[in-house]
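Asks: My file is data_8.cif. It has mmCIF, C-alpha atoms:
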```cif
data_structure
#
loop_
_atom_site.label_atom_id
_atom_site.label_comp_id
_atom_site.auth_asym_id
_atom_site.auth_seq_id
_atom_site.Cartn_x
_atom_site.Cartn_y
_atom_site.Cartn_z
CA MET A 1 0.00 0.00 0.00
CA LEU A 2 1.26 3.34 -1.02
CA GLN A 3 1.18 6.06 1.59
CA ILE A 4 1.41 9.64 0.50
CA VAL A 5 3.09 11.77 3.05
CA ILE A 6 2.39 15.51 2.84
CA PRO A 7 5.02 17.53 4.59
CA GLN A 8 3.60 19.71 7.34
CA LYS A 9 4.97 23.15 6.64
CA TYR A 10 2.94 24.96 9.25
CA THR A 11 3.55 25.37 12.91
CA ARG A 12 0.84 24.67 15.45
CA SER A 13 0.26 28.40 16.05
CA GLU A 14 -0.04 29.07 12.32
CA VAL A 15 -2.66 26.33 12.02
CA SER A 16 -4.49 27.81 14.98
CA ARG A 17 -4.47 31.28 13.45
CA ALA A 18 -5.74 29.93 10.14
CA GLU A 19 -8.60 28.13 11.86
CA THR A 20 -9.53 31.25 13.74
CA LYS A 21 -9.41 33.28 10.55
CA ARG A 22 -11.62 30.74 8.74
CA VAL A 23 -14.43 30.96 11.26
CA GLU A 24 -14.25 34.64 12.01
CA PHE A 25 -17.02 36.95 10.78
CA LYS A 26 -16.12 38.45 7.44
CA PRO A 27 -18.22 41.49 6.75
CA ASN A 28 -19.27 42.25 3.21
CA ARG A 29 -21.90 44.33 1.44
CA TYR A 30 -24.62 41.86 2.28
CA THR A 31 -23.99 41.57 5.98
CA SER A 32 -25.47 44.09 8.33
CA GLY A 33 -22.27 45.44 9.86
CA SER A 34 -20.46 46.24 6.66
CA ALA A 35 -23.61 47.33 4.86
CA ASN A 36 -24.13 49.87 7.62
CA LEU A 37 -20.63 51.26 7.10
CA ASP A 38 -21.11 51.33 3.32
CA ASP A 39 -24.38 53.18 3.79
CA MET A 40 -22.76 55.73 6.08
CA ILE A 41 -19.99 56.35 3.56
CA ALA A 42 -22.40 56.52 0.62
CA LEU A 43 -24.46 59.12 2.47
CA GLY A 44 -21.40 61.09 3.58
CA LYS A 45 -22.19 60.59 7.27
CA ALA A 46 -19.71 60.70 10.10
CA VAL A 47 -18.17 57.27 10.61
CA ILE A 48 -17.37 55.83 14.03
CA LEU A 49 -14.99 52.88 14.15
CA CYS A 50 -13.63 50.87 17.05
CA GLY A 51 -9.95 50.03 17.42
CA THR A 52 -10.32 46.75 15.58
CA HIS A 53 -12.21 48.03 12.56
CA VAL A 54 -10.33 51.27 12.18
CA ARG A 55 -7.33 49.22 11.10
CA LYS A 56 -9.32 47.81 8.21
CA PHE A 57 -10.66 51.18 7.11
CA ASP A 58 -8.91 53.15 4.39
CA PRO A 59 -10.00 56.76 4.98
CA LYS A 60 -8.19 58.08 1.92
CA GLY A 61 -9.83 55.49 -0.32
CA ALA A 62 -13.26 56.40 1.04
CA ARG A 63 -12.42 60.12 0.86
CA TYR A 64 -12.73 60.44 4.58
CA ARG A 65 -10.51 62.12 7.18
CA ALA A 66 -10.09 61.92 10.91
CA HIS A 67 -11.97 64.77 12.56
CA PRO A 68 -9.68 67.84 12.43
CA ASP A 69 -10.43 68.78 16.03
CA LYS A 70 -8.16 66.71 18.25
CA ASN A 71 -10.89 66.59 20.92
CA LEU A 72 -13.15 64.79 18.46
CA ARG A 73 -10.74 62.33 16.90
CA ARG A 74 -11.61 59.80 19.58
CA VAL A 75 -15.17 59.67 20.80
CA CYS A 76 -17.32 57.30 22.81
CA GLY A 77 -19.83 55.70 20.49
CA ASN A 78 -21.04 52.60 18.67
CA CYS A 79 -18.73 51.26 15.97
CA ASP A 80 -20.43 51.43 12.58
CA VAL A 81 -19.24 47.90 11.78
CA CYS A 82 -19.57 45.80 14.94
CA GLN A 83 -21.90 48.19 16.85
CA GLN A 84 -19.83 47.73 20.01
CA PHE A 85 -19.86 50.79 22.26
CA GLY A 86 -16.58 52.18 23.43
CA LEU A 87 -13.78 54.60 22.77
CA SER A 88 -13.73 54.86 19.00
CA PHE A 89 -12.33 56.88 16.14
CA LEU A 90 -14.40 59.52 14.37
CA PHE A 91 -14.06 60.23 10.66
CA LEU A 92 -15.77 62.85 8.52
CA ASN A 93 -16.21 62.91 4.78
CA GLY A 94 -13.63 65.06 2.99
CA LYS A 95 -15.82 68.13 2.45
CA ASP A 96 -17.15 68.24 6.00
CA ALA A 97 -13.65 67.71 7.33
CA GLU A 98 -12.39 70.72 5.33
CA ASP A 99 -15.18 72.90 6.69
CA GLU A 100 -14.45 71.76 10.24
CA GLN A 101 -10.73 72.32 9.70
CA ARG A 102 -11.43 75.97 8.85
CA LYS A 103 -13.52 76.37 12.01
CA VAL A 104 -10.82 74.77 14.15
CA GLU A 105 -8.09 77.00 12.72
CA LYS A 106 -10.22 80.10 13.09
CA PHE A 107 -10.92 79.34 16.73
CA ARG A 108 -7.27 78.49 17.36
CA ARG A 109 -6.30 81.95 16.10
CA ALA A 110 -9.04 83.59 18.18
CA LEU A 111 -7.81 81.78 21.27
CA GLU A 112 -4.16 82.59 20.60
CA TYR A 113 -4.72 86.34 20.25
CA GLY A 114 -7.76 86.75 22.44
CA ARG A 115 -8.37 86.79 26.16
CA ILE A 116 -10.37 84.30 28.11
CA PHE A 117 -12.91 86.30 30.08
CA ARG A 118 -14.84 84.77 32.95
CA GLY A 119 -16.17 87.95 34.47
CA MET B 1 -21.06 75.73 17.17
CA GLU B 2 -18.46 73.14 17.99
CA PHE B 3 -17.73 70.86 20.90
CA THR B 4 -14.94 72.21 23.09
CA ARG B 5 -14.84 70.14 26.24
CA ASP B 6 -16.95 68.55 28.95
CA LEU B 7 -17.46 70.39 32.22
CA SER B 8 -16.77 67.18 34.11
CA GLY B 9 -13.14 67.69 33.17
CA GLY B 10 -12.78 65.49 30.11
CA THR B 11 -12.54 66.25 26.43
CA THR B 12 -14.09 63.05 25.10
CA ALA B 13 -17.38 63.45 23.32
CA SER B 14 -20.04 60.80 23.58
CA VAL B 15 -21.77 60.46 20.22
CA ALA B 16 -24.75 58.60 18.86
CA LYS B 17 -26.72 58.55 15.63
CA TYR B 18 -30.33 59.70 15.93
CA GLN B 19 -33.15 59.77 13.46
CA VAL B 20 -34.23 63.30 12.61
CA ALA B 21 -37.56 64.85 11.75
CA ALA B 22 -36.22 67.88 9.94
CA THR B 23 -34.11 68.67 6.90
CA ASN B 24 -30.68 69.99 7.78
CA THR B 25 -27.53 70.52 5.77
CA THR B 26 -25.57 72.41 8.41
CA ILE B 27 -23.10 70.99 10.91
CA GLY B 28 -22.93 72.36 14.45
CA VAL B 29 -26.63 72.89 15.02
CA PRO B 30 -28.42 72.18 18.32
CA TYR B 31 -31.13 69.54 18.27
CA LEU B 32 -34.08 69.10 20.62
CA LYS B 33 -36.02 66.05 21.70
CA ASN B 34 -38.54 64.17 19.64
CA ALA B 35 -41.87 65.98 19.93
CA ASP B 36 -45.23 64.37 20.68
CA ASP B 37 -46.26 62.43 17.57
CA GLY B 38 -42.90 63.37 16.11
CA THR B 39 -40.64 61.06 14.14
CA GLY B 40 -37.23 62.15 15.34
CA ILE B 41 -35.20 64.84 16.97
CA VAL B 42 -35.84 68.36 15.73
CA LEU B 43 -33.77 71.49 15.23
CA ALA B 44 -33.64 74.08 17.98
CA THR B 45 -35.06 77.48 17.17
CA VAL B 46 -33.21 80.78 17.33
CA SER B 47 -34.59 81.42 20.79
CA GLY B 48 -35.46 77.93 21.99
CA ALA B 49 -33.20 75.28 23.48
CA VAL B 50 -35.51 73.47 25.90
CA ASP B 51 -35.04 69.67 26.03
CA PHE B 52 -31.70 69.91 24.30
CA VAL B 53 -30.33 66.64 22.89
CA GLY B 54 -27.03 67.68 21.39
CA VAL B 55 -25.15 69.26 18.51
CA ASN B 56 -24.70 67.44 15.21
CA LEU B 57 -21.42 66.33 13.65
CA ASP B 58 -22.80 65.59 10.20
CA ALA B 59 -25.69 66.75 8.08
CA ALA B 60 -28.94 64.83 8.17
CA GLY B 61 -29.90 65.72 4.60
CA THR B 62 -33.45 66.02 3.33
CA TYR B 63 -36.17 64.71 5.60
CA VAL B 64 -38.56 62.40 3.78
CA THR B 65 -41.52 60.38 4.96
CA ALA B 66 -42.80 58.71 1.79
CA GLN B 67 -41.44 55.42 0.52
CA GLN B 68 -38.74 56.01 -2.07
CA SER B 69 -38.95 54.69 -5.64
CA ASP B 70 -35.49 53.13 -5.32
CA ASN B 71 -36.44 51.57 -1.98
CA SER B 72 -33.68 53.44 -0.21
CA ASP B 73 -34.02 53.92 3.50
CA THR B 74 -36.27 56.84 4.40
CA ALA B 75 -34.81 57.24 7.89
CA ARG B 76 -32.42 60.18 8.06
CA LEU B 77 -29.75 59.94 10.71
CA THR B 78 -27.44 62.50 12.16
CA THR B 79 -24.51 62.04 14.55
CA ILE B 80 -25.12 63.90 17.79
CA ILE B 81 -22.82 64.79 20.69
CA THR B 82 -24.79 63.77 23.74
CA ASN B 83 -22.63 64.88 26.68
CA PRO B 84 -25.05 66.72 28.99
CA LEU B 85 -22.20 68.83 30.34
CA ALA B 86 -20.66 69.62 26.97
CA VAL B 87 -19.31 73.10 26.42
CA TYR B 88 -19.73 74.42 22.89
CA ARG B 89 -18.05 77.39 21.31
CA ALA B 90 -20.22 79.73 19.29
CA ARG B 91 -19.02 82.80 17.45
CA LEU B 92 -20.48 86.10 18.61
CA CYS B 93 -22.21 87.83 15.72
CA GLY B 94 -23.55 91.30 15.09
CA GLY B 95 -26.88 90.09 13.75
CA ALA B 96 -29.00 87.09 12.94
CA ALA B 97 -27.28 86.51 9.59
CA ASN B 98 -23.81 86.03 11.13
CA GLU B 99 -22.73 89.60 10.50
CA ALA B 100 -19.54 90.84 12.12
CA LEU B 101 -19.86 92.65 15.43
CA SER B 102 -19.79 96.39 14.91
CA ALA B 103 -17.42 98.46 16.99
CA ALA B 104 -18.95 101.57 18.56
CA THR B 105 -16.78 104.71 18.68
CA ILE B 106 -16.58 106.72 21.87
CA THR B 107 -17.93 110.26 21.51
CA THR B 108 -17.73 111.38 25.16
CA ALA B 109 -14.65 110.74 27.25
CA SER B 110 -14.89 109.08 30.67
CA SER B 111 -12.13 109.99 33.08
CA ASP B 112 -13.25 107.41 35.66
CA GLY B 113 -13.49 104.54 33.15
CA LEU B 114 -17.08 103.77 34.12
CA SER B 115 -19.14 105.02 31.18
CA VAL B 116 -18.91 103.84 27.60
CA VAL B 117 -20.68 106.59 25.68
CA THR B 118 -21.15 106.46 21.94
CA SER B 119 -23.40 108.46 19.66
CA ALA B 120 -24.14 105.83 17.06
CA PHE B 121 -24.97 102.84 19.20
CA ASP B 122 -27.69 102.33 21.78
CA PRO B 123 -26.83 99.56 24.23
CA ASN B 124 -30.36 99.86 25.60
CA SER B 125 -32.05 99.11 22.29
CA PRO B 126 -31.91 96.18 22.23
CA ASP B 127 -31.02 96.18 25.90
CA LEU B 128 -27.61 94.64 26.56
CA ASN B 129 -27.73 95.27 30.31
CA GLU B 130 -26.05 92.35 32.15
CA GLY B 131 -24.05 91.68 29.02
CA THR B 132 -20.40 92.42 28.30
CA VAL B 133 -18.53 95.41 26.89
CA TRP B 134 -14.89 95.20 25.93
CA GLY B 135 -12.24 97.45 24.42
CA TYR B 136 -11.63 97.02 20.71
CA ARG B 137 -9.32 99.94 20.01
CA GLY B 138 -7.60 102.31 22.41
CA ALA B 139 -5.95 102.04 25.82
CA ASN B 140 -8.54 99.55 27.11
CA ALA B 141 -8.28 97.21 24.14
CA GLY B 142 -8.82 93.64 25.27
CA LYS B 143 -10.23 94.62 28.68
CA ALA B 144 -13.78 93.46 29.34
CA ARG B 145 -16.37 94.44 31.93
CA LYS B 146 -19.93 93.49 32.78
CA ILE B 147 -22.55 96.01 31.78
CA THR B 148 -24.56 96.91 34.86
CA SER B 149 -26.89 99.52 33.42
CA THR B 150 -27.72 100.99 30.07
CA ALA B 151 -29.20 104.15 28.66
CA ALA B 152 -29.42 105.65 25.20
CA ASN B 153 -25.86 105.67 23.80
CA ASP B 154 -24.45 104.72 27.20
CA ALA B 155 -23.32 101.51 28.88
CA THR B 156 -22.21 101.76 32.49
CA VAL B 157 -19.91 99.41 34.35
CA ILE B 158 -19.18 99.17 38.08
CA VAL B 159 -15.62 97.88 37.93
CA ALA B 160 -13.81 100.66 36.10
CA PHE B 161 -11.78 100.12 32.98
CA PRO B 162 -8.10 100.52 33.86
CA TYR B 163 -7.53 103.51 31.60
CA ASP B 164 -9.56 106.62 30.87
CA ILE B 165 -12.00 106.09 28.03
CA ALA B 166 -11.05 108.58 25.34
CA VAL B 167 -12.95 109.99 22.40
CA GLY B 168 -12.18 107.85 19.36
CA ASP B 169 -11.68 104.62 21.33
CA GLN B 170 -13.83 101.75 20.15
CA PHE B 171 -15.74 99.14 22.12
CA LEU B 172 -17.63 95.95 21.33
CA TYR B 173 -20.74 94.70 23.08
CA ALA B 174 -22.36 91.33 23.57
CA ASN B 175 -25.52 90.14 25.30
CA VAL B 176 -23.74 87.35 27.14
CA HIS B 177 -21.65 87.30 30.29
CA PRO B 178 -19.94 84.36 32.03
CA THR B 179 -22.03 82.51 34.59
CA ARG B 180 -25.17 84.30 33.44
CA SER B 181 -27.83 82.27 31.71
CA ILE B 182 -29.81 83.70 28.85
CA LEU B 183 -32.58 82.79 26.53
CA ALA B 184 -30.87 81.25 23.54
CA GLN B 185 -30.29 83.85 20.85
CA PHE B 186 -28.78 82.06 17.90
CA GLY B 187 -28.13 83.30 14.41
CA THR B 188 -30.56 82.01 11.82
CA ASP B 189 -28.22 79.20 10.78
CA MET B 190 -28.12 78.15 14.44
CA THR B 191 -24.34 77.92 14.64
CA THR B 192 -23.60 81.34 16.15
CA ILE B 193 -24.90 83.59 18.91
CA ASP B 194 -26.58 86.81 17.90
CA ALA B 195 -24.84 89.10 20.35
CA THR B 196 -27.08 92.02 19.49
CA ALA B 197 -30.39 90.45 20.45
CA ALA B 198 -32.04 91.76 23.59
CA LEU B 199 -30.84 89.88 26.62
CA SER B 200 -33.63 88.21 28.54
CA GLY B 201 -33.22 86.01 31.55
CA ASP B 202 -33.80 82.31 31.04
CA ALA B 203 -31.96 79.16 31.95
CA THR B 204 -31.46 77.39 28.65
CA VAL B 205 -28.02 78.69 27.69
CA ILE B 206 -25.30 79.36 30.24
CA THR B 207 -22.23 81.34 29.30
CA VAL B 208 -19.20 79.48 30.64
CA GLU B 209 -16.58 81.89 29.37
CA LEU B 210 -15.87 84.32 26.58
CA ILE B 211 -12.96 84.49 24.17
CA LEU B 212 -12.71 88.18 23.36
CA ASN B 213 -10.49 89.78 20.77
CA ASP B 214 -9.63 93.39 20.10
CA LEU B 215 -8.62 95.04 16.85
CA ALA B 216 -5.31 93.17 16.67
CA GLY B 217 -7.14 89.87 16.90
CA ASN B 218 -10.02 90.79 14.55
CA GLY B 219 -12.44 90.94 17.46
CA THR B 220 -15.44 91.75 15.29
CA THR B 221 -15.30 88.31 13.68
CA GLN B 222 -13.09 86.42 16.11
CA SER B 223 -14.89 86.61 19.44
CA TYR B 224 -16.59 83.56 20.90
CA ALA B 225 -18.88 82.53 23.69
CA LEU B 226 -18.36 79.14 25.28
CA ILE B 227 -21.78 77.96 26.30
CA GLN B 228 -23.49 75.08 27.99
CA PHE B 229 -27.06 73.98 27.39
CA ALA B 230 -28.64 73.84 30.81
CA ASP B 231 -31.76 71.97 29.79
CA SER B 232 -30.10 68.86 28.45
CA LEU B 233 -32.42 65.92 27.99
CA PHE B 234 -29.69 63.59 29.23
CA SER B 235 -28.82 65.47 32.39
CA GLY B 236 -30.56 62.87 34.53
CA SER B 237 -33.36 65.07 35.76
CA LEU B 238 -36.95 65.42 34.63
CA THR B 239 -37.65 68.61 32.74
#
```
Show this structure as structure tokens.

Replies:
Amino acid sequence: MLQIVIPQKYTRSEVSRAETKRVEFKPNRYTSGSANLDDMIALGKAVILCGTHVRKFDPKGARYRAHPDKNLRRVCGNCDVCQQFGLSFLFLNGKDAEDEQRKVEKFRRALEYGRIFRG
Amino acid sequence: MEFTRDLSGGTTASVAKYQVAATNTTIGVPYLKNADDGTGIVLATVSGAVDFVGVNLDAAGTYVTAQQSDNSDTARLTTIITNPLAVYRARLCGGAANEALSAATITTASSDGLSVVTSAFDPNSPDLNEGTVWGYRGANAGKARKITSTAANDATVIVAFPYDIAVGDQFLYANVHPTRSILAQFGTDMTTIDATAALSGDATVITVELILNDLAGNGTTQSYALIQFADSLFSGSLT
């Protein structure tokens, strides 16, 4: 009897990672999580993404930018992909981001030259 | 208006997407709670901020109720900052249409620094008593005081300006003053404060602080009020 031996080129951890990858949820247009994100982008809405999904998001490709105000780059909200609530990243579509950038710069100048008055 | 910070000490905004019941293409507009028989949160009015929900970070677009021919979703969402203690910055404007503030020129000197007298501007019409007057040009540029009484062409302060007020100096006025609460007086696009509207006591908008500029800092277009909405729906108390 002939026995075919296939060399095992993968380590145990690589096999484990591959198995995990195979069963993990893969969002696409027809699944609720990703469809929600696609809808938000198509409508030009603000996009909120958790730490996991922000790594898979290409803002430049979607013509989005992180919010220009540093206080609003990270917000507490529901991720538009997994809907988990937590500290997340906020992105605006390119046009809105430009408008907000102008407001931020204008206020920065006002604050730099002005006086804070509390009566 | 834009989110600045939270009075609790943090700078992190809490945001959520809400369905709206009004068309809006402007960012930085205050929204109020869903009305009886309403379908979503609604825009504040120029003088109304009761049951405040938050300020939007994106535009809701055109409000529709009828089913769409392409079967697209009819719900219109907008991203709202929901921190009940949020402080927002709003530019001080010289009218409802976001005009620049207009500087009033002193026509009668005041050697005690207590009277700001101009011939072309009436701080009592609309009445800016309890508001703020600050130097725009002259020795008192950048110095601000609370207005404690007004008359035709005259605003009086109790704490004197540090220098004599000379003919030709210029001053700016606003209807807001830190720690005072006023009836909301927004510009028509709802992103600014109309600093020329008559000041009337109410508790919906509290002035936290002012960022005031003089001539060197383009004070007519670069002065801000930092405000808090006192009647937040999420403040944890029944309103």

Asks: Which one of B:Thr148, B:Thr62, B:Asn140, B:Asn124 sits closest to His177 (chain B) if you count only C-alpha atoms?

Replies: B:Thr148

Asks: List as a PyMOL selection string: which residues have an atom within 10 Å of (-16.2, 57.9, 16.3), counting only C-alpha atoms?

Replies: (chain A and resi 46-50+54+66-67+72-80+85-92) or (chain B and resi 13-16+79)

Asks: I need the residue set behind the PyMOL selection byres ((chain A) within 6 of (chain B)) for this file; please write it as a list in words.

Replies: Lys45, Ala46, Asn71, Val75, Cys76, Gly77, Ala110, Tyr113, Gly114, Arg115, Ile116, Phe117, Arg118 and Gly119 of chain A

Asks: Go ahead and compute the interatomic distance for CA of Ile41 (chain B) and CA of Lys95 (chain A), in Å to one decimal.

Replies: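 Computing it gives 24.4 Å between the two atoms.
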
Asks: So the first atom is CA of Glu130 (chain B) and the second is CA of Val117 (chain B); what is the distance between them in Å, to one decimal place?

Replies: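 That distance, rounded to one decimal, is 16.5 Å.
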
Asks: Between CA of Val42 (chain B) and CA of Phe234 (chain B), what is the distance, to one decimal in Å?

Replies: 15.6 Å

Asks: So that I can check the surroundings of region 33-37 of chain B, please list as a PyMOL selection string every protein, DNA and RNA residue that reaches within 9 Å of it, counting all atoms listed in the file and ignoring chain neighbours fewer than 6 positions away.

Replies: chain B and resi 20-21+43+50-53+233

Asks: Do you know which residues lie at most 6 Å from (-30.3, 79.3, 18.5), with coordinates as in the file and only C-alpha atoms counted, and could you write them as number ranges by chain?

Replies: B: 45-47, 184-186, 190

Asks: I'd like to know which of B:Thr108, B:Thr204, B:Ser232, B:Ser119 is closest to Gly48 (chain B), using only C-alpha atoms.

Replies: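 Nearest to Gly48 (chain B): B:Thr204.
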
Asks: Please provide as an MDAnalysis selection string all residues within 8 Å of Phe229 (chain B), with the sequence filter that same-chain residues fewer than 2 positions apart are discarded (counting only C-alpha atoms).

Replies: chainID B and resid 49 52 84:87 204:206 227 231:232

Asks: Store the residues of this selection in a file with C-alpha atoms, as an mmCIF file, keeping the file's coordinate frame.

Replies:
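Final file, result_14.cif:
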```
data_model
loop_
_atom_site.group_PDB
_atom_site.id
_atom_site.type_symbol
_atom_site.label_atom_id
_atom_site.label_comp_id
_atom_site.auth_asym_id
_atom_site.auth_seq_id
_atom_site.Cartn_x
_atom_site.Cartn_y
_atom_site.Cartn_z
ATOM 1 C CA ALA B 49 -33.200 75.280 23.480
ATOM 2 C CA PHE B 52 -31.700 69.910 24.300
ATOM 3 C CA PRO B 84 -25.050 66.720 28.990
ATOM 4 C CA LEU B 85 -22.200 68.830 30.340
ATOM 5 C CA ALA B 86 -20.660 69.620 26.970
ATOM 6 C CA VAL B 87 -19.310 73.100 26.420
ATOM 7 C CA THR B 204 -31.460 77.390 28.650
ATOM 8 C CA VAL B 205 -28.020 78.690 27.690
ATOM 9 C CA ILE B 206 -25.300 79.360 30.240
ATOM 10 C CA ILE B 227 -21.780 77.960 26.300
ATOM 11 C CA ASP B 231 -31.760 71.970 29.790
ATOM 12 C CA SER B 232 -30.100 68.860 28.450
#
```

Asks: Within 7 Å of region 149-156 of chain B, counting only C-alpha atoms, which residues qualify if same-chain residues fewer than 4 places away don't, as a PyMOL selection string?

Replies: chain B and resi 114-124+129

Asks: Which residues are near region 95-101 of chain B? Cut-off 6 Å, only C-alpha atoms, ignore same chain within fewer than 5 positions. Put them as JSON, numbers by chain.

Replies: {"B": [187, 188, 194, 220, 221]}

Asks: To box region 94-99 of chain A, take all atoms listed in the file, fit an axis-aligned box, add 6 Å on each side, and give centre and edge lengths in Å to one decimal, as JSON.

Replies:
```
{"center_x": -14.8, "center_y": 69.0, "center_z": 4.9, "size_x": 16.8, "size_y": 19.8, "size_z": 16.9}
```
